[in-house]
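Next up, protein_7.pdb (PDB, C-alpha atoms and all ligand atoms):
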MODEL        1
ATOM      1  CA  MET A 213     -88.169  26.324 -12.831  1.00  0.00           C
ATOM      2  CA  LEU A 214     -85.605  28.988 -12.018  1.00  0.00           C
ATOM      3  CA  LYS A 215     -86.992  32.500 -12.524  1.00  0.00           C
ATOM      4  CA  ILE A 216     -84.704  35.454 -13.242  1.00  0.00           C
ATOM      5  CA  TRP A 217     -85.988  39.028 -13.083  1.00  0.00           C
ATOM      6  CA  GLY A 218     -84.110  41.651 -15.040  1.00  0.00           C
ATOM      7  CA  ARG A 219     -83.659  43.377 -18.381  1.00  0.00           C
ATOM      8  CA  THR A 220     -80.941  41.981 -20.646  1.00  0.00           C
ATOM      9  CA  SER A 221     -79.078  45.308 -20.989  1.00  0.00           C
ATOM     10  CA  SER A 222     -78.046  45.208 -17.304  1.00  0.00           C
ATOM     11  CA  VAL A 223     -74.496  43.976 -16.724  1.00  0.00           C
ATOM     12  CA  ASN A 224     -75.605  42.459 -13.428  1.00  0.00           C
ATOM     13  CA  VAL A 225     -78.365  40.486 -15.129  1.00  0.00           C
ATOM     14  CA  GLN A 226     -75.929  39.464 -17.872  1.00  0.00           C
ATOM     15  CA  LYS A 227     -73.687  37.814 -15.264  1.00  0.00           C
ATOM     16  CA  VAL A 228     -76.572  35.600 -14.123  1.00  0.00           C
ATOM     17  CA  LEU A 229     -77.765  34.726 -17.635  1.00  0.00           C
ATOM     18  CA  TRP A 230     -74.212  33.902 -18.746  1.00  0.00           C
ATOM     19  CA  CYS A 231     -73.694  31.743 -15.638  1.00  0.00           C
ATOM     20  CA  ALA A 232     -76.970  29.900 -16.286  1.00  0.00           C
ATOM     21  CA  ASP A 233     -75.846  29.245 -19.865  1.00  0.00           C
ATOM     22  CA  GLU A 234     -72.452  27.957 -18.765  1.00  0.00           C
ATOM     23  CA  ILE A 235     -74.257  25.466 -16.532  1.00  0.00           C
ATOM     24  CA  GLY A 236     -76.933  24.624 -19.109  1.00  0.00           C
ATOM     25  CA  LEU A 237     -79.812  25.648 -16.871  1.00  0.00           C
ATOM     26  CA  ASP A 238     -83.370  26.187 -18.040  1.00  0.00           C
ATOM     27  CA  TYR A 239     -84.923  29.361 -16.709  1.00  0.00           C
ATOM     28  CA  GLU A 240     -87.727  31.799 -17.215  1.00  0.00           C
ATOM     29  CA  ARG A 241     -86.654  35.448 -17.517  1.00  0.00           C
ATOM     30  CA  ILE A 242     -89.087  38.166 -16.507  1.00  0.00           C
ATOM     31  CA  GLU A 243     -88.516  41.721 -17.744  1.00  0.00           C
ATOM     32  CA  ALA A 244     -87.835  44.195 -14.924  1.00  0.00           C
ATOM     33  CA  GLY A 245     -85.816  47.336 -14.351  1.00  0.00           C
ATOM     34  CA  GLY A 246     -85.285  50.439 -16.467  1.00  0.00           C
ATOM     35  CA  ALA A 247     -88.186  51.166 -18.824  1.00  0.00           C
ATOM     36  CA  PHE A 248     -89.853  47.893 -17.773  1.00  0.00           C
ATOM     37  CA  GLY A 249     -90.418  49.165 -14.239  1.00  0.00           C
ATOM     38  CA  VAL A 250     -91.618  46.338 -11.947  1.00  0.00           C
ATOM     39  CA  THR A 251     -88.876  46.845  -9.334  1.00  0.00           C
ATOM     40  CA  ARG A 252     -91.002  49.259  -7.260  1.00  0.00           C
ATOM     41  CA  GLU A 253     -94.082  47.050  -7.258  1.00  0.00           C
ATOM     42  CA  PRO A 254     -94.898  45.644  -3.812  1.00  0.00           C
ATOM     43  CA  SER A 255     -94.531  42.047  -4.991  1.00  0.00           C
ATOM     44  CA  TYR A 256     -91.016  42.767  -6.302  1.00  0.00           C
ATOM     45  CA  LEU A 257     -90.010  44.788  -3.241  1.00  0.00           C
ATOM     46  CA  ALA A 258     -91.109  41.857  -1.102  1.00  0.00           C
ATOM     47  CA  MET A 259     -88.445  39.793  -2.881  1.00  0.00           C
ATOM     48  CA  ASN A 260     -85.802  42.484  -3.216  1.00  0.00           C
ATOM     49  CA  PRO A 261     -86.101  45.573  -0.979  1.00  0.00           C
ATOM     50  CA  ASN A 262     -83.332  47.299  -2.939  1.00  0.00           C
ATOM     51  CA  ALA A 263     -85.608  47.689  -5.994  1.00  0.00           C
ATOM     52  CA  VAL A 264     -82.804  46.627  -8.323  1.00  0.00           C
ATOM     53  CA  ILE A 265     -82.186  43.763 -10.713  1.00  0.00           C
ATOM     54  CA  PRO A 266     -81.376  40.885 -10.862  1.00  0.00           C
ATOM     55  CA  THR A 267     -83.452  38.789  -8.480  1.00  0.00           C
ATOM     56  CA  ILE A 268     -83.974  35.044  -8.773  1.00  0.00           C
ATOM     57  CA  ASP A 269     -86.536  32.613  -7.405  1.00  0.00           C
ATOM     58  CA  ASP A 270     -85.275  29.036  -7.413  1.00  0.00           C
ATOM     59  CA  ASP A 271     -88.251  26.909  -6.391  1.00  0.00           C
ATOM     60  CA  GLY A 272     -89.117  29.291  -3.566  1.00  0.00           C
ATOM     61  CA  PHE A 273     -85.590  30.354  -2.671  1.00  0.00           C
ATOM     62  CA  VAL A 274     -85.319  34.068  -3.443  1.00  0.00           C
ATOM     63  CA  LEU A 275     -81.889  35.655  -3.876  1.00  0.00           C
ATOM     64  CA  TRP A 276     -80.524  39.019  -5.008  1.00  0.00           C
ATOM     65  CA  GLU A 277     -77.006  40.473  -5.535  1.00  0.00           C
ATOM     66  CA  SER A 278     -75.714  39.285  -8.882  1.00  0.00           C
ATOM     67  CA  ASN A 279     -72.401  37.883  -7.661  1.00  0.00           C
ATOM     68  CA  SER A 280     -74.128  35.986  -4.853  1.00  0.00           C
ATOM     69  CA  ILE A 281     -76.528  34.541  -7.423  1.00  0.00           C
ATOM     70  CA  VAL A 282     -73.588  33.432  -9.593  1.00  0.00           C
ATOM     71  CA  ARG A 283     -71.965  31.811  -6.542  1.00  0.00           C
ATOM     72  CA  TYR A 284     -75.216  30.076  -5.594  1.00  0.00           C
ATOM     73  CA  LEU A 285     -75.974  28.695  -9.053  1.00  0.00           C
ATOM     74  CA  ALA A 286     -72.372  27.543  -9.499  1.00  0.00           C
ATOM     75  CA  ALA A 287     -72.302  25.893  -6.057  1.00  0.00           C
ATOM     76  CA  LYS A 288     -75.608  24.152  -6.657  1.00  0.00           C
ATOM     77  CA  HIS A 289     -75.000  22.953 -10.214  1.00  0.00           C
ATOM     78  CA  ALA A 290     -71.302  23.138 -11.025  1.00  0.00           C
ATOM     79  CA  ALA A 291     -69.298  22.188  -7.928  1.00  0.00           C
ATOM     80  CA  GLY A 292     -65.802  21.163  -8.962  1.00  0.00           C
ATOM     81  CA  THR A 293     -65.914  23.092 -12.236  1.00  0.00           C
ATOM     82  CA  LEU A 294     -67.352  26.627 -12.208  1.00  0.00           C
ATOM     83  CA  TYR A 295     -67.360  26.483  -8.401  1.00  0.00           C
ATOM     84  CA  PRO A 296     -63.912  25.174  -7.399  1.00  0.00           C
ATOM     85  CA  SER A 297     -64.077  22.588  -4.609  1.00  0.00           C
ATOM     86  CA  GLU A 298     -60.619  23.213  -3.203  1.00  0.00           C
ATOM     87  CA  PRO A 299     -60.757  26.162  -0.739  1.00  0.00           C
ATOM     88  CA  ARG A 300     -57.749  28.023  -2.106  1.00  0.00           C
ATOM     89  CA  ALA A 301     -58.878  27.666  -5.704  1.00  0.00           C
ATOM     90  CA  ARG A 302     -62.351  28.838  -4.697  1.00  0.00           C
ATOM     91  CA  ALA A 303     -60.910  31.811  -2.804  1.00  0.00           C
ATOM     92  CA  GLU A 304     -58.932  32.839  -5.900  1.00  0.00           C
ATOM     93  CA  ALA A 305     -62.126  32.867  -7.945  1.00  0.00           C
ATOM     94  CA  GLU A 306     -64.145  34.641  -5.250  1.00  0.00           C
ATOM     95  CA  ARG A 307     -61.519  37.306  -4.759  1.00  0.00           C
ATOM     96  CA  TRP A 308     -62.020  38.568  -8.316  1.00  0.00           C
ATOM     97  CA  MET A 309     -65.781  38.523  -7.866  1.00  0.00           C
ATOM     98  CA  ASP A 310     -65.445  40.776  -4.832  1.00  0.00           C
ATOM     99  CA  TRP A 311     -62.841  42.908  -6.616  1.00  0.00           C
ATOM    100  CA  GLN A 312     -65.266  43.504  -9.478  1.00  0.00           C
ATOM    101  CA  LEU A 313     -67.723  45.127  -7.083  1.00  0.00           C
ATOM    102  CA  SER A 314     -65.208  46.933  -4.890  1.00  0.00           C
ATOM    103  CA  THR A 315     -62.729  48.279  -7.417  1.00  0.00           C
ATOM    104  CA  PRO A 316     -63.536  48.675 -11.150  1.00  0.00           C
ATOM    105  CA  ASN A 317     -67.328  48.827 -10.935  1.00  0.00           C
ATOM    106  CA  ALA A 318     -67.699  52.475  -9.910  1.00  0.00           C
ATOM    107  CA  GLY A 319     -65.407  53.858 -12.611  1.00  0.00           C
ATOM    108  CA  MET A 320     -67.046  51.717 -15.268  1.00  0.00           C
ATOM    109  CA  VAL A 321     -70.491  52.934 -14.174  1.00  0.00           C
ATOM    110  CA  THR A 322     -69.314  56.540 -14.602  1.00  0.00           C
ATOM    111  CA  ILE A 323     -67.993  55.876 -18.106  1.00  0.00           C
ATOM    112  CA  PHE A 324     -70.880  53.669 -19.233  1.00  0.00           C
ATOM    113  CA  TRP A 325     -73.652  55.904 -17.939  1.00  0.00           C
ATOM    114  CA  GLY A 326     -71.883  59.008 -19.164  1.00  0.00           C
ATOM    115  CA  LEU A 327     -71.414  57.760 -22.713  1.00  0.00           C
ATOM    116  CA  ILE A 328     -74.385  55.444 -23.243  1.00  0.00           C
ATOM    117  CA  ARG A 329     -77.207  56.598 -21.007  1.00  0.00           C
ATOM    118  CA  THR A 330     -76.670  60.364 -20.905  1.00  0.00           C
ATOM    119  CA  LYS A 331     -77.483  62.835 -23.687  1.00  0.00           C
ATOM    120  CA  PRO A 332     -74.304  64.329 -25.199  1.00  0.00           C
ATOM    121  CA  GLU A 333     -75.242  67.833 -24.056  1.00  0.00           C
ATOM    122  CA  GLU A 334     -75.665  66.629 -20.467  1.00  0.00           C
ATOM    123  CA  ARG A 335     -72.418  64.637 -20.225  1.00  0.00           C
ATOM    124  CA  ASN A 336     -69.843  65.379 -17.558  1.00  0.00           C
ATOM    125  CA  SER A 337     -66.813  64.941 -19.796  1.00  0.00           C
ATOM    126  CA  ALA A 338     -64.333  65.684 -17.009  1.00  0.00           C
ATOM    127  CA  ALA A 339     -65.777  62.971 -14.789  1.00  0.00           C
ATOM    128  CA  ILE A 340     -65.790  60.480 -17.671  1.00  0.00           C
ATOM    129  CA  GLU A 341     -62.160  61.273 -18.509  1.00  0.00           C
ATOM    130  CA  ALA A 342     -61.076  61.010 -14.877  1.00  0.00           C
ATOM    131  CA  ALA A 343     -62.798  57.629 -14.607  1.00  0.00           C
ATOM    132  CA  ARG A 344     -61.211  56.466 -17.880  1.00  0.00           C
ATOM    133  CA  GLN A 345     -57.734  57.365 -16.638  1.00  0.00           C
ATOM    134  CA  SER A 346     -58.392  55.633 -13.334  1.00  0.00           C
ATOM    135  CA  MET A 347     -59.664  52.540 -15.151  1.00  0.00           C
ATOM    136  CA  CYS A 348     -56.487  52.324 -17.245  1.00  0.00           C
ATOM    137  CA  GLU A 349     -54.570  51.829 -14.002  1.00  0.00           C
ATOM    138  CA  ILE A 350     -57.152  49.532 -12.395  1.00  0.00           C
ATOM    139  CA  TRP A 351     -57.348  47.218 -15.429  1.00  0.00           C
ATOM    140  CA  SER A 352     -53.530  47.090 -15.545  1.00  0.00           C
ATOM    141  CA  ARG A 353     -53.604  45.308 -12.166  1.00  0.00           C
ATOM    142  CA  LEU A 354     -55.666  42.477 -13.648  1.00  0.00           C
ATOM    143  CA  ASP A 355     -53.508  42.542 -16.791  1.00  0.00           C
ATOM    144  CA  ARG A 356     -50.382  41.830 -14.742  1.00  0.00           C
ATOM    145  CA  TYR A 357     -52.157  38.994 -12.938  1.00  0.00           C
ATOM    146  CA  LEU A 358     -53.287  37.410 -16.200  1.00  0.00           C
ATOM    147  CA  ALA A 359     -49.725  37.411 -17.522  1.00  0.00           C
ATOM    148  CA  ASP A 360     -49.166  34.147 -15.649  1.00  0.00           C
ATOM    149  CA  GLN A 361     -52.471  32.340 -16.088  1.00  0.00           C
ATOM    150  CA  PRO A 362     -55.278  32.184 -18.664  1.00  0.00           C
ATOM    151  CA  TYR A 363     -58.200  32.767 -16.275  1.00  0.00           C
ATOM    152  CA  VAL A 364     -58.609  34.731 -13.070  1.00  0.00           C
ATOM    153  CA  GLY A 365     -58.877  31.527 -11.001  1.00  0.00           C
ATOM    154  CA  GLY A 366     -55.952  29.776 -12.670  1.00  0.00           C
ATOM    155  CA  ASP A 367     -55.769  27.348 -15.579  1.00  0.00           C
ATOM    156  CA  ARG A 368     -59.460  27.001 -16.201  1.00  0.00           C
ATOM    157  CA  PHE A 369     -62.584  29.074 -16.485  1.00  0.00           C
ATOM    158  CA  THR A 370     -64.485  29.453 -13.195  1.00  0.00           C
ATOM    159  CA  MET A 371     -67.251  31.568 -11.710  1.00  0.00           C
ATOM    160  CA  GLY A 372     -64.512  34.108 -10.910  1.00  0.00           C
ATOM    161  CA  ASP A 373     -64.337  35.064 -14.582  1.00  0.00           C
ATOM    162  CA  ILE A 374     -68.035  35.867 -14.850  1.00  0.00           C
ATOM    163  CA  PRO A 375     -68.583  39.203 -13.039  1.00  0.00           C
ATOM    164  CA  ILE A 376     -65.345  40.796 -14.166  1.00  0.00           C
ATOM    165  CA  GLY A 377     -65.665  39.270 -17.635  1.00  0.00           C
ATOM    166  CA  ALA A 378     -69.089  40.853 -18.061  1.00  0.00           C
ATOM    167  CA  LEU A 379     -67.694  44.230 -17.039  1.00  0.00           C
ATOM    168  CA  VAL A 380     -64.599  44.045 -19.244  1.00  0.00           C
ATOM    169  CA  TYR A 381     -66.776  43.746 -22.354  1.00  0.00           C
ATOM    170  CA  ARG A 382     -67.833  47.327 -21.779  1.00  0.00           C
ATOM    171  CA  TRP A 383     -64.227  48.461 -21.434  1.00  0.00           C
ATOM    172  CA  PHE A 384     -63.340  46.987 -24.826  1.00  0.00           C
ATOM    173  CA  ASN A 385     -66.507  48.131 -26.560  1.00  0.00           C
ATOM    174  CA  LEU A 386     -67.072  51.701 -25.441  1.00  0.00           C
ATOM    175  CA  ALA A 387     -65.765  54.445 -27.729  1.00  0.00           C
ATOM    176  CA  ILE A 388     -62.857  55.405 -25.474  1.00  0.00           C
ATOM    177  CA  GLU A 389     -59.085  55.453 -25.601  1.00  0.00           C
ATOM    178  CA  ARG A 390     -57.594  52.381 -23.923  1.00  0.00           C
ATOM    179  CA  ASN A 391     -54.069  51.626 -22.768  1.00  0.00           C
ATOM    180  CA  ASP A 392     -52.302  48.574 -24.172  1.00  0.00           C
ATOM    181  CA  LEU A 393     -53.050  45.653 -21.854  1.00  0.00           C
ATOM    182  CA  PRO A 394     -52.153  42.505 -23.815  1.00  0.00           C
ATOM    183  CA  HIS A 395     -52.953  39.931 -21.140  1.00  0.00           C
ATOM    184  CA  LEU A 396     -56.320  41.486 -20.343  1.00  0.00           C
ATOM    185  CA  LYS A 397     -57.080  41.573 -24.079  1.00  0.00           C
ATOM    186  CA  ALA A 398     -56.037  37.918 -24.531  1.00  0.00           C
ATOM    187  CA  TRP A 399     -58.313  36.882 -21.643  1.00  0.00           C
ATOM    188  CA  TYR A 400     -61.172  38.939 -23.079  1.00  0.00           C
ATOM    189  CA  ASP A 401     -60.590  37.271 -26.468  1.00  0.00           C
ATOM    190  CA  ARG A 402     -60.810  33.860 -24.771  1.00  0.00           C
ATOM    191  CA  LEU A 403     -64.132  34.843 -23.206  1.00  0.00           C
ATOM    192  CA  THR A 404     -65.522  35.946 -26.583  1.00  0.00           C
ATOM    193  CA  LYS A 405     -65.275  32.320 -27.757  1.00  0.00           C
ATOM    194  CA  ARG A 406     -67.784  31.175 -25.130  1.00  0.00           C
ATOM    195  CA  PRO A 407     -71.377  30.820 -26.407  1.00  0.00           C
ATOM    196  CA  GLY A 408     -72.911  32.157 -23.192  1.00  0.00           C
ATOM    197  CA  TYR A 409     -70.734  35.257 -23.326  1.00  0.00           C
ATOM    198  CA  GLN A 410     -71.598  35.804 -26.973  1.00  0.00           C
ATOM    199  CA  LYS A 411     -75.310  35.438 -26.302  1.00  0.00           C
ATOM    200  CA  HIS A 412     -75.706  37.487 -23.133  1.00  0.00           C
ATOM    201  CA  VAL A 413     -72.760  39.858 -22.778  1.00  0.00           C
ATOM    202  CA  MET A 414     -71.679  40.674 -26.329  1.00  0.00           C
ATOM    203  CA  VAL A 415     -74.718  42.789 -27.043  1.00  0.00           C
ATOM    204  CA  VAL A 416     -75.205  46.329 -28.297  1.00  0.00           C
ATOM    205  CA  LEU A 417     -74.545  48.589 -25.334  1.00  0.00           C
ATOM    206  CA  SER A 418     -77.726  50.403 -24.320  1.00  0.00           C
TER     207      SER A 418
HETATM  208  N1  LIG B   1     -74.979  45.045  -6.399  1.00  0.00           N
HETATM  209  C1  LIG B   1     -76.194  44.793  -7.130  1.00  0.00           C
HETATM  210  C2  LIG B   1     -76.473  45.994  -8.040  1.00  0.00           C
HETATM  211  C3  LIG B   1     -77.784  45.838  -8.774  1.00  0.00           C
HETATM  212  C4  LIG B   1     -78.048  47.043  -9.652  1.00  0.00           C
HETATM  213  O1  LIG B   1     -77.642  48.179  -9.343  1.00  0.00           O
HETATM  214  N2  LIG B   1     -78.761  46.811 -10.751  1.00  0.00           N
HETATM  215  C5  LIG B   1     -79.086  47.890 -11.658  1.00  0.00           C
HETATM  216  C6  LIG B   1     -78.960  47.415 -13.102  1.00  0.00           C
HETATM  217  S1  LIG B   1     -77.314  46.963 -13.516  1.00  0.00           S
HETATM  218  C7  LIG B   1     -80.531  48.315 -11.459  1.00  0.00           C
HETATM  219  O2  LIG B   1     -81.340  47.557 -10.972  1.00  0.00           O
HETATM  220  N3  LIG B   1     -80.854  49.551 -11.856  1.00  0.00           N
HETATM  221  C8  LIG B   1     -82.204  50.041 -11.793  1.00  0.00           C
HETATM  222  C9  LIG B   1     -83.060  49.578 -12.922  1.00  0.00           C
HETATM  223  O3  LIG B   1     -82.586  48.924 -13.864  1.00  0.00           O
HETATM  224  O4  LIG B   1     -84.259  49.869 -12.873  1.00  0.00           O
HETATM  225  C10 LIG B   1     -76.040  43.491  -7.926  1.00  0.00           C
HETATM  226  O5  LIG B   1     -74.889  43.197  -8.316  1.00  0.00           O
HETATM  227  O6  LIG B   1     -77.020  42.774  -8.141  1.00  0.00           O
ENDMDL
END

Rewrite the structure of this file - the entire thing - as structure tokens.
Ligand SMILES: N[C@@H](CCC(=O)N[C@@H](CS)C(=O)NCC(=O)O)C(=O)O
Amino acid sequence: MLKIWGRTSSVNVQKVLWCADEIGLDYERIEAGGAFGVTREPSYLAMNPNAVIPTIDDDGFVLWESNSIVRYLAAKHAAGTLYPSEPRARAEAERWMDWQLSTPNAGMVTIFWGLIRTKPEERNSAAIEAARQSMCEIWSRLDRYLADQPYVGGDRFTMGDIPIGALVYRWFNLAIERNDLPHLKAWYDRLTKRPGYQKHVMVVLS
């Protein structure tokens, strides 16, 4: 059976759990990361030398990097649906997966860690505010794109929605001022109807 290492409060683990739910996969989840430790144990480092979560073991095939795991599971189990078969459609979906890591991730980490995982007296409010302002502009790029289509890959939900969809939950649920982005909000609202999103992403931020 598929094994997934990682605590459920990690956005990168949430991507994998949500993807597994979309596919209907059975899996065993093993606590790791944060207060659970594990990631610096030799047996874990042998699987993932980065000492981060998530990591999967699929009948002996070990893989890390959350977006690569989402791609792999979708390709293996959901070709033609979550994993578009047509190269251009697949590239559209993959582009937003790469964009999630390259563009909004850093600013969201600053805001999330600053507000949720840092004591109020130790917060760098200037850095959080600078990241918030930057994120207003970054999210507006996706908002404009979603004006013409319901999902990042086009007319239907694909793996492309998973990484950025997991991250956008934090944007809409942190106690911050947000700019008005109606298409981003409508897409987020569509995601909130999905059982896998509700179960794994729509959790108390911690
Ligand atoms: N690019 C990696 C990043 C993995 C990562 O940084 N994971 C964080 C949790 S979101 C982590 O392992 N932090 C240390 C810990 O939880 O112990 C991925 O997407 O899988």

Which one is closest to Ile350 (chain A): A:Tyr256, A:Tyr400, A:Phe369, A:Trp311? Count only C-alpha atoms. A:Trp311

Could you give me, as JSON, numbers by chain, the residues within 12 Å of Asp269 (chain A), counting all atoms listed in the file and dropping anything in the same chain fewer than 2 positions from it? {"A": [213, 214, 215, 216, 217, 239, 240, 241, 242, 256, 259, 260, 266, 267, 271, 272, 273, 274, 275, 276, 281, 284, 285]}

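Residues of protein, DNA or RNA lying at most 8 Å from ligand LIG 1 (chain B), when all atoms listed in the file are considered, are A:Gly218, A:Arg219, A:Ser221, A:Ser222, A:Val223, A:Asn224, A:Val225, A:Ala244, A:Gly245, A:Gly246, A:Ala247, A:Phe248, A:Gly249, A:Thr251, A:Ala263, A:Val264, A:Ile265, A:Pro266, A:Thr267, A:Trp276, A:Glu277, A:Ser278, A:Asn279, A:Leu313.
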
Would you kindly return, as a PDB file with C-alpha atoms, in the frame of the given file, each protein, DNA or RNA residue with an atom no farther than 8 Å from any atom of region 289-303 of chain A, considering all atoms listed in the file and excluding same-chain residues fewer than 4 positions away?
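See selection_3.pdb below for the written result:
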ATOM      1  CA  ILE A 235     -74.257  25.466 -16.532  1.00  0.00           C
ATOM      2  CA  ARG A 283     -71.965  31.811  -6.542  1.00  0.00           C
ATOM      3  CA  LEU A 285     -75.974  28.695  -9.053  1.00  0.00           C
ATOM      4  CA  ARG A 307     -61.519  37.306  -4.759  1.00  0.00           C
ATOM      5  CA  GLY A 365     -58.877  31.527 -11.001  1.00  0.00           C
ATOM      6  CA  GLY A 366     -55.952  29.776 -12.670  1.00  0.00           C
ATOM      7  CA  PHE A 369     -62.584  29.074 -16.485  1.00  0.00           C
ATOM      8  CA  THR A 370     -64.485  29.453 -13.195  1.00  0.00           C
ATOM      9  CA  MET A 371     -67.251  31.568 -11.710  1.00  0.00           C
TER      10      MET A 371
END

Might you pull out every residue within 12 Å of Ser346 (chain A), with all atoms listed in the file counted and same-chain residues fewer than 4 positions away left off, and present them as a PyMOL selection string? chain A and resi 315-320+322-323+339-342+350-353+390-391

Enter the distance from CA of Gln345 (chain A) to CA of Lys331 (chain A), in Å, rounded to one decimal. 21.7 Å

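Of the residues listed (A:Asp373, A:Thr220, A:Tyr363, A:Ala232), A:Asp373 shows the shortest atom-to-atom separation from Asp310 (chain A); distances use all atoms listed in the file.
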
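Counting from CA of Asp401 (chain A), the distance to CA of Glu349 (chain A) is 20.1 Å.
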
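Interatomic distance, CA of Ala287 (chain A) to CA of Val364 (chain A): 17.7 Å.
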
Can you tell me which residues surround His395 (chain A) at a distance of at most 8 Å, considering all atoms listed in the file, apart from same-chain residues fewer than 2 positions away, and format the answer as JSON, numbers by chain? {"A": [355, 356, 358, 359, 393, 397, 398, 399]}

Just checking: using only C-alpha atoms, which residue out of A:Asp392, A:Gln226, A:Leu403, A:Gly377 ends up closest to Val415 (chain A)? A:Gln226

Draw an axis-aligned box tight on the listed atoms of region 259-263 of chain A, then pad every side by 6 Å and write out centre and edge lengths in Å to one decimal as AutoDock Vina command-line options.
--center_x -85.9 --center_y 43.7 --center_z -3.5 --size_x 17.1 --size_y 19.9 --size_z 17.0

Would you please work out which residue, of A:Thr404, A:Ser280, A:Asn385, A:Ser255, is nearest to Leu327 (chain A) when using all atoms listed in the file? A:Asn385

List the spatial neighbours of Ile376 (chain A) as a PyMOL selection string - criterion: any atom at most 8 Å away, all atoms listed in the file, same-chain residues fewer than 2 positions off excluded. chain A and resi 308-309+312+372-374+378-380

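For the residues A:Leu396, A:Leu354, A:Val282, A:Leu386, ranking by smallest atom-to-atom distance to Lys227 (chain A) using only C-alpha atoms places A:Val282 first.
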
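The closest residue to Val228 (chain A), picked from A:Pro362, A:Pro332, A:Gly408, A:Pro254 and counting only C-alpha atoms, is A:Gly408.
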
Please write a file for region 319-324 of chain A, taken from the block I just shared, that holds all heavy atoms and is laid out as an mmCIF file, in the first residue's frame.
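Result file is out-v2.cif:
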data_model
loop_
_atom_site.group_PDB
_atom_site.id
_atom_site.type_symbol
_atom_site.label_atom_id
_atom_site.label_comp_id
_atom_site.auth_asym_id
_atom_site.auth_seq_id
_atom_site.Cartn_x
_atom_site.Cartn_y
_atom_site.Cartn_z
ATOM 1 N N GLY A 319 6.315 34.257 -0.348
ATOM 2 C CA GLY A 319 5.560 35.288 0.365
ATOM 3 C C GLY A 319 4.555 34.680 1.323
ATOM 4 O O GLY A 319 4.365 35.164 2.450
ATOM 5 N N MET A 320 3.913 33.588 0.887
ATOM 6 C CA MET A 320 2.936 32.943 1.761
ATOM 7 C C MET A 320 3.614 32.307 2.974
ATOM 8 O O MET A 320 3.046 32.294 4.069
ATOM 9 C CB MET A 320 2.136 31.892 0.975
ATOM 10 C CG MET A 320 1.148 32.490 -0.023
ATOM 11 S SD MET A 320 -0.013 33.667 0.712
ATOM 12 C CE MET A 320 -0.885 32.627 1.881
ATOM 13 N N VAL A 321 4.828 31.796 2.792
ATOM 14 C CA VAL A 321 5.566 31.240 3.937
ATOM 15 C C VAL A 321 5.838 32.346 4.958
ATOM 16 O O VAL A 321 5.661 32.165 6.169
ATOM 17 C CB VAL A 321 6.883 30.569 3.475
ATOM 18 C CG1 VAL A 321 7.804 30.295 4.654
ATOM 19 C CG2 VAL A 321 6.576 29.269 2.728
ATOM 20 N N THR A 322 6.254 33.516 4.459
ATOM 21 C CA THR A 322 6.531 34.643 5.371
ATOM 22 C C THR A 322 5.292 35.018 6.173
ATOM 23 O O THR A 322 5.345 35.198 7.400
ATOM 24 C CB THR A 322 7.021 35.862 4.573
ATOM 25 O OG1 THR A 322 8.210 35.496 3.872
ATOM 26 C CG2 THR A 322 7.295 37.046 5.479
ATOM 27 N N ILE A 323 4.156 35.109 5.489
ATOM 28 C CA ILE A 323 2.921 35.516 6.191
ATOM 29 C C ILE A 323 2.466 34.417 7.145
ATOM 30 O O ILE A 323 2.152 34.665 8.317
ATOM 31 C CB ILE A 323 1.802 35.835 5.170
ATOM 32 C CG1 ILE A 323 2.238 36.938 4.212
ATOM 33 C CG2 ILE A 323 0.527 36.237 5.908
ATOM 34 C CD1 ILE A 323 1.282 37.157 3.041
ATOM 35 N N PHE A 324 2.445 33.182 6.648
ATOM 36 C CA PHE A 324 1.932 32.068 7.457
ATOM 37 C C PHE A 324 2.798 31.838 8.695
ATOM 38 O O PHE A 324 2.291 31.752 9.821
ATOM 39 C CB PHE A 324 1.871 30.804 6.595
ATOM 40 C CG PHE A 324 1.390 29.600 7.355
ATOM 41 C CD1 PHE A 324 0.043 29.423 7.611
ATOM 42 C CD2 PHE A 324 2.292 28.650 7.822
ATOM 43 C CE1 PHE A 324 -0.398 28.312 8.328
ATOM 44 C CE2 PHE A 324 1.863 27.546 8.537
ATOM 45 C CZ PHE A 324 0.507 27.369 8.784
#
